[in-house]
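This is model-v4.txt. It holds compact mmCIF, C-alpha atoms.
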# COMPACT_ATOMS: atom_id res chain seq x y z
CA MET A 1 60.16 -6.54 -85.60
CA PRO A 2 59.64 -8.34 -88.95
CA ILE A 3 62.14 -11.00 -89.89
CA ASN A 4 64.61 -9.94 -92.59
CA THR A 5 64.57 -12.61 -95.27
CA ARG A 6 68.17 -12.06 -96.40
CA GLU A 7 69.59 -12.26 -92.86
CA LEU A 8 67.59 -15.38 -92.01
CA LEU A 9 68.59 -17.15 -95.24
CA ASN A 10 72.24 -16.19 -94.71
CA ALA A 11 72.09 -17.83 -91.27
CA VAL A 12 70.42 -20.90 -92.78
CA ALA A 13 73.12 -20.99 -95.48
CA ILE A 14 75.79 -21.11 -92.77
CA VAL A 15 74.06 -24.08 -91.15
CA THR A 16 73.76 -25.91 -94.49
CA ASP A 17 77.47 -25.31 -95.16
CA LYS A 18 78.28 -26.66 -91.70
CA HIS A 19 76.46 -29.86 -92.66
CA SER A 20 78.02 -29.93 -96.18
CA MET A 21 74.67 -30.12 -97.93
CA ARG A 22 74.81 -30.07 -101.72
CA VAL A 23 72.32 -30.27 -104.56
CA THR A 24 72.80 -32.46 -107.59
CA LEU A 25 71.46 -31.12 -110.84
CA LYS A 26 70.18 -34.45 -112.19
CA SER A 27 73.56 -35.46 -113.61
CA SER A 28 74.23 -38.55 -111.54
CA ALA A 29 72.07 -40.77 -113.76
CA LYS A 30 73.76 -39.44 -116.88
CA GLY A 31 77.22 -40.09 -115.41
CA ALA A 32 76.25 -43.60 -114.35
CA THR A 33 74.89 -44.33 -117.82
CA ILE A 34 78.12 -43.18 -119.47
CA ALA A 35 80.33 -45.14 -117.08
CA GLY A 36 78.18 -48.27 -117.37
CA THR A 37 77.94 -48.13 -121.14
CA SER A 38 81.66 -47.69 -121.62
CA THR A 39 82.37 -50.55 -119.21
CA PHE A 40 79.94 -52.79 -121.08
CA LEU A 41 81.40 -51.90 -124.49
CA GLY A 42 84.94 -52.35 -123.22
CA GLY A 43 84.01 -55.80 -121.92
CA LEU A 44 82.46 -56.78 -125.24
CA VAL A 45 85.50 -55.64 -127.21
CA ALA A 46 88.38 -56.78 -125.00
CA GLY A 47 86.99 -59.00 -122.28
CA PRO A 48 88.17 -58.49 -118.66
CA VAL A 49 90.87 -55.99 -119.65
CA GLY A 50 88.24 -54.10 -121.65
CA LEU A 51 86.05 -53.94 -118.56
CA LEU A 52 88.90 -52.29 -116.70
CA ILE A 53 89.74 -49.86 -119.48
CA GLY A 54 86.10 -49.12 -120.35
CA GLY A 55 85.20 -48.52 -116.70
CA THR A 56 88.18 -46.22 -116.20
CA VAL A 57 87.57 -44.22 -119.36
CA GLY A 58 83.82 -44.05 -118.74
CA GLY A 59 84.35 -42.96 -115.15
CA LEU A 60 86.71 -40.20 -116.23
CA VAL A 61 84.34 -38.98 -118.94
CA ALA A 62 81.41 -39.04 -116.50
CA TYR A 63 83.49 -37.10 -113.97
CA GLY A 64 84.37 -34.50 -116.58
CA MET A 65 80.75 -34.07 -117.62
CA THR A 66 79.34 -33.81 -114.10
CA SER A 67 82.12 -32.18 -112.09
CA ASN A 68 80.39 -28.78 -111.96
CA GLN A 69 76.88 -30.16 -111.56
CA PHE A 70 76.85 -30.18 -107.75
CA LYS A 71 76.22 -26.95 -105.87
CA PRO A 72 76.21 -26.21 -102.15
CA VAL A 73 72.71 -25.66 -100.79
CA SER A 74 73.92 -22.33 -99.41
CA HIS A 75 74.67 -21.15 -102.97
CA ILE A 76 71.21 -22.22 -104.14
CA ILE A 77 69.56 -20.38 -101.23
CA GLN A 78 71.57 -17.19 -101.60
CA HIS A 79 71.93 -16.89 -105.38
CA ASP A 80 69.67 -19.20 -107.37
CA LEU A 81 66.27 -18.75 -105.72
CA SER A 82 64.05 -15.92 -106.92
CA VAL A 83 62.86 -13.33 -104.41
CA GLN A 84 59.47 -15.04 -104.29
CA GLU A 85 61.06 -18.45 -103.66
CA GLN A 86 63.26 -16.95 -100.93
CA GLU A 87 60.15 -15.50 -99.27
CA GLN A 88 58.42 -18.89 -99.49
CA LEU A 89 61.42 -20.60 -97.92
CA LYS A 90 61.61 -17.97 -95.18
CA GLN A 91 57.93 -18.43 -94.36
CA ARG A 92 58.33 -22.21 -94.21
CA ILE A 93 61.29 -21.86 -91.87
CA VAL A 94 59.42 -19.42 -89.63
CA ASP A 95 56.40 -21.74 -89.62
CA ALA A 96 58.62 -24.73 -88.78
CA LEU A 97 60.19 -22.79 -85.91
CA SER A 98 56.84 -21.67 -84.50
CA GLU A 99 57.01 -24.38 -81.83
CA PHE A 100 60.17 -22.69 -80.51
CA ASN A 101 58.28 -19.36 -80.21
CA PRO A 102 60.65 -17.10 -82.15
CA THR A 103 59.34 -13.57 -82.41
CA ASP A 104 62.08 -11.95 -84.45
CA LEU A 105 65.47 -12.54 -86.02
CA LEU A 106 67.27 -11.75 -82.75
CA THR A 107 65.51 -14.75 -81.21
CA ILE A 108 65.99 -17.06 -84.18
CA LEU A 109 69.74 -16.54 -84.77
CA PRO A 110 70.93 -17.78 -81.34
CA LEU A 111 68.49 -20.69 -81.57
CA LEU A 112 69.78 -21.54 -85.04
CA THR A 113 73.43 -21.51 -84.05
CA GLY A 114 73.17 -23.17 -80.66
CA ASN A 115 70.22 -25.52 -80.64
CA VAL A 116 70.57 -28.85 -82.45
CA ALA A 117 66.80 -29.40 -82.53
CA VAL A 118 66.28 -26.05 -84.24
CA GLN A 119 69.06 -26.80 -86.73
CA LYS A 120 67.50 -30.17 -87.55
CA THR A 121 64.07 -28.56 -87.99
CA VAL A 122 65.48 -25.88 -90.29
CA LEU A 123 67.53 -28.37 -92.32
CA ASN A 124 64.51 -30.65 -92.75
CA THR A 125 62.46 -27.65 -93.88
CA VAL A 126 65.12 -26.60 -96.41
CA VAL A 127 65.40 -30.15 -97.76
CA ALA A 128 61.62 -30.47 -98.07
CA PHE A 129 61.37 -27.11 -99.83
CA LEU A 130 64.16 -27.81 -102.30
CA THR A 131 63.01 -31.35 -103.10
CA ASN A 132 59.24 -30.74 -103.21
CA GLU A 133 58.98 -27.20 -104.54
CA MET A 134 62.18 -26.83 -106.58
CA ARG A 135 62.47 -30.50 -107.69
CA MET A 136 66.13 -30.73 -106.66
CA GLN A 137 68.00 -33.68 -105.19
CA ILE A 138 69.95 -33.16 -101.96
CA ILE A 139 73.14 -35.10 -101.26
CA ASP A 140 75.27 -34.98 -98.13
The structure in this file should be written as structure tokens.
Amino acid sequence: MPINTRELLNAVAIVTDKHSMRVTLKSSAKGATIAGTSTFLGGLVAGPVGLLIGGTVGGLVAYGMTSNQFKPVSHIIQHDLSVQEQEQLKQRIVDALSEFNPTDLLTILPLLTGNVAVQKTVLNTVVAFLTNEMRMQIID
């Protein structure tokens, strides 16, 4: 029986949610630049008190700019990948699990939910795919 891509990726999404995996959309550097710049300028203008005020204001502005820039990996897998990318990810997961001899989805799902080694293999495969192929940064 061929492996259903949607069902496999839904199971993988559950595992990534269990491990609280998220993707940053390249906003961390921008937020750090804003916070650092405002702290620096505050220090130049008002000394130590300016450092405090500049850091606080810069941190709040950076938070506001980047608060929606982190997505769960499960959302990326289920909604943001194209059909072709989902197929590529599925094939990589199946290839990574080949040492566990899965023949169909009915074999993979119990392995995925109950076997820590399989979970680790799948998570490493997802991270490698998202970072190498999709150029995303994973945070936990």
Taken to one decimal, the atom CA of Val83 of chain A-atom CA of Arg6 of chain A distance is 9.7 Å
What gap, in Å, lies between atom CA of Leu81 of chain A and atom CA of Leu123 of chain A? 16.5 Å
Would you mind listing what lies within 12 Å of Ile14 of chain A as a list in words, with all atoms listed in the file counted and same-chain residues fewer than 6 positions away left out?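 Once the nearby chain positions are removed, what remains is Glu7, Leu8, Ser20, Met21, Pro72, Val73, Ser74, His75, Ile77, Gln78, Leu109, Leu112, Thr113, Gln119, Val122 and Leu123 of chain A.
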Who sits within 12 Å of segment 43-60 of chain A, only C-alpha atoms, same chain under 3 positions skipped, as a list in words: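 Listing them by chain and then by number gives Ser28, Lys30, Gly31, Ala32, Thr33, Ile34, Ala35, Gly36, Thr37, Ser38, Thr39, Phe40, Tyr63, Gly64, Met65, Thr66 and Ser67 of chain A.
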Using all atoms listed in the file, pick whichever of A:Thr121, A:Asn115, A:Glu85, A:Met136 has the shortest atom-to-atom distance to Leu97 of chain A. A:Thr121
Give me, as a ChimeraX atom specification, all polymer residues having an atom no more than 12 Å from Ser98 of chain A, counting all atoms listed in the file and skipping those fewer than 6 positions away in the same chain. /A:91-92,104,107-108,118,121-122
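As for atom CA of Ala96 of chain A and atom CA of Ser82 of chain A, they are spaced 20.9 Å apart.
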Can you pull out every residue within 9 Å of segment 130-133 of chain A, counting only C-alpha atoms, but drop anything in the same chain fewer than 5 positions away, and send it as a PyMOL selection string? chain A and resi 23+73+89+125+138
Saved selection, atoms kept: C-alpha atoms, as an mmCIF file, in the frame of the given file:
data_model
loop_
_atom_site.group_PDB
_atom_site.id
_atom_site.type_symbol
_atom_site.label_atom_id
_atom_site.label_comp_id
_atom_site.auth_asym_id
_atom_site.auth_seq_id
_atom_site.Cartn_x
_atom_site.Cartn_y
_atom_site.Cartn_z
ATOM 1 C CA VAL A 23 72.320 -30.270 -104.560
ATOM 2 C CA VAL A 73 72.710 -25.660 -100.790
ATOM 3 C CA LEU A 89 61.420 -20.600 -97.920
ATOM 4 C CA THR A 125 62.460 -27.650 -93.880
ATOM 5 C CA ILE A 138 69.950 -33.160 -101.960
#
Best match for closeness to Asp80 of chain A among A:Met134, A:Val61, A:Ile3, A:Val12, counting only C-alpha atoms: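 Of A:Met134, A:Val61, A:Ile3, A:Val12, the one nearest Asp80 of chain A, counting only C-alpha atoms, is A:Met134.
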Find the residue from A:Leu41, A:Thr24, A:Gln86, A:Ala29 that sits nearest to Gln137 of chain A; use all atoms listed in the file when measuring. A:Thr24
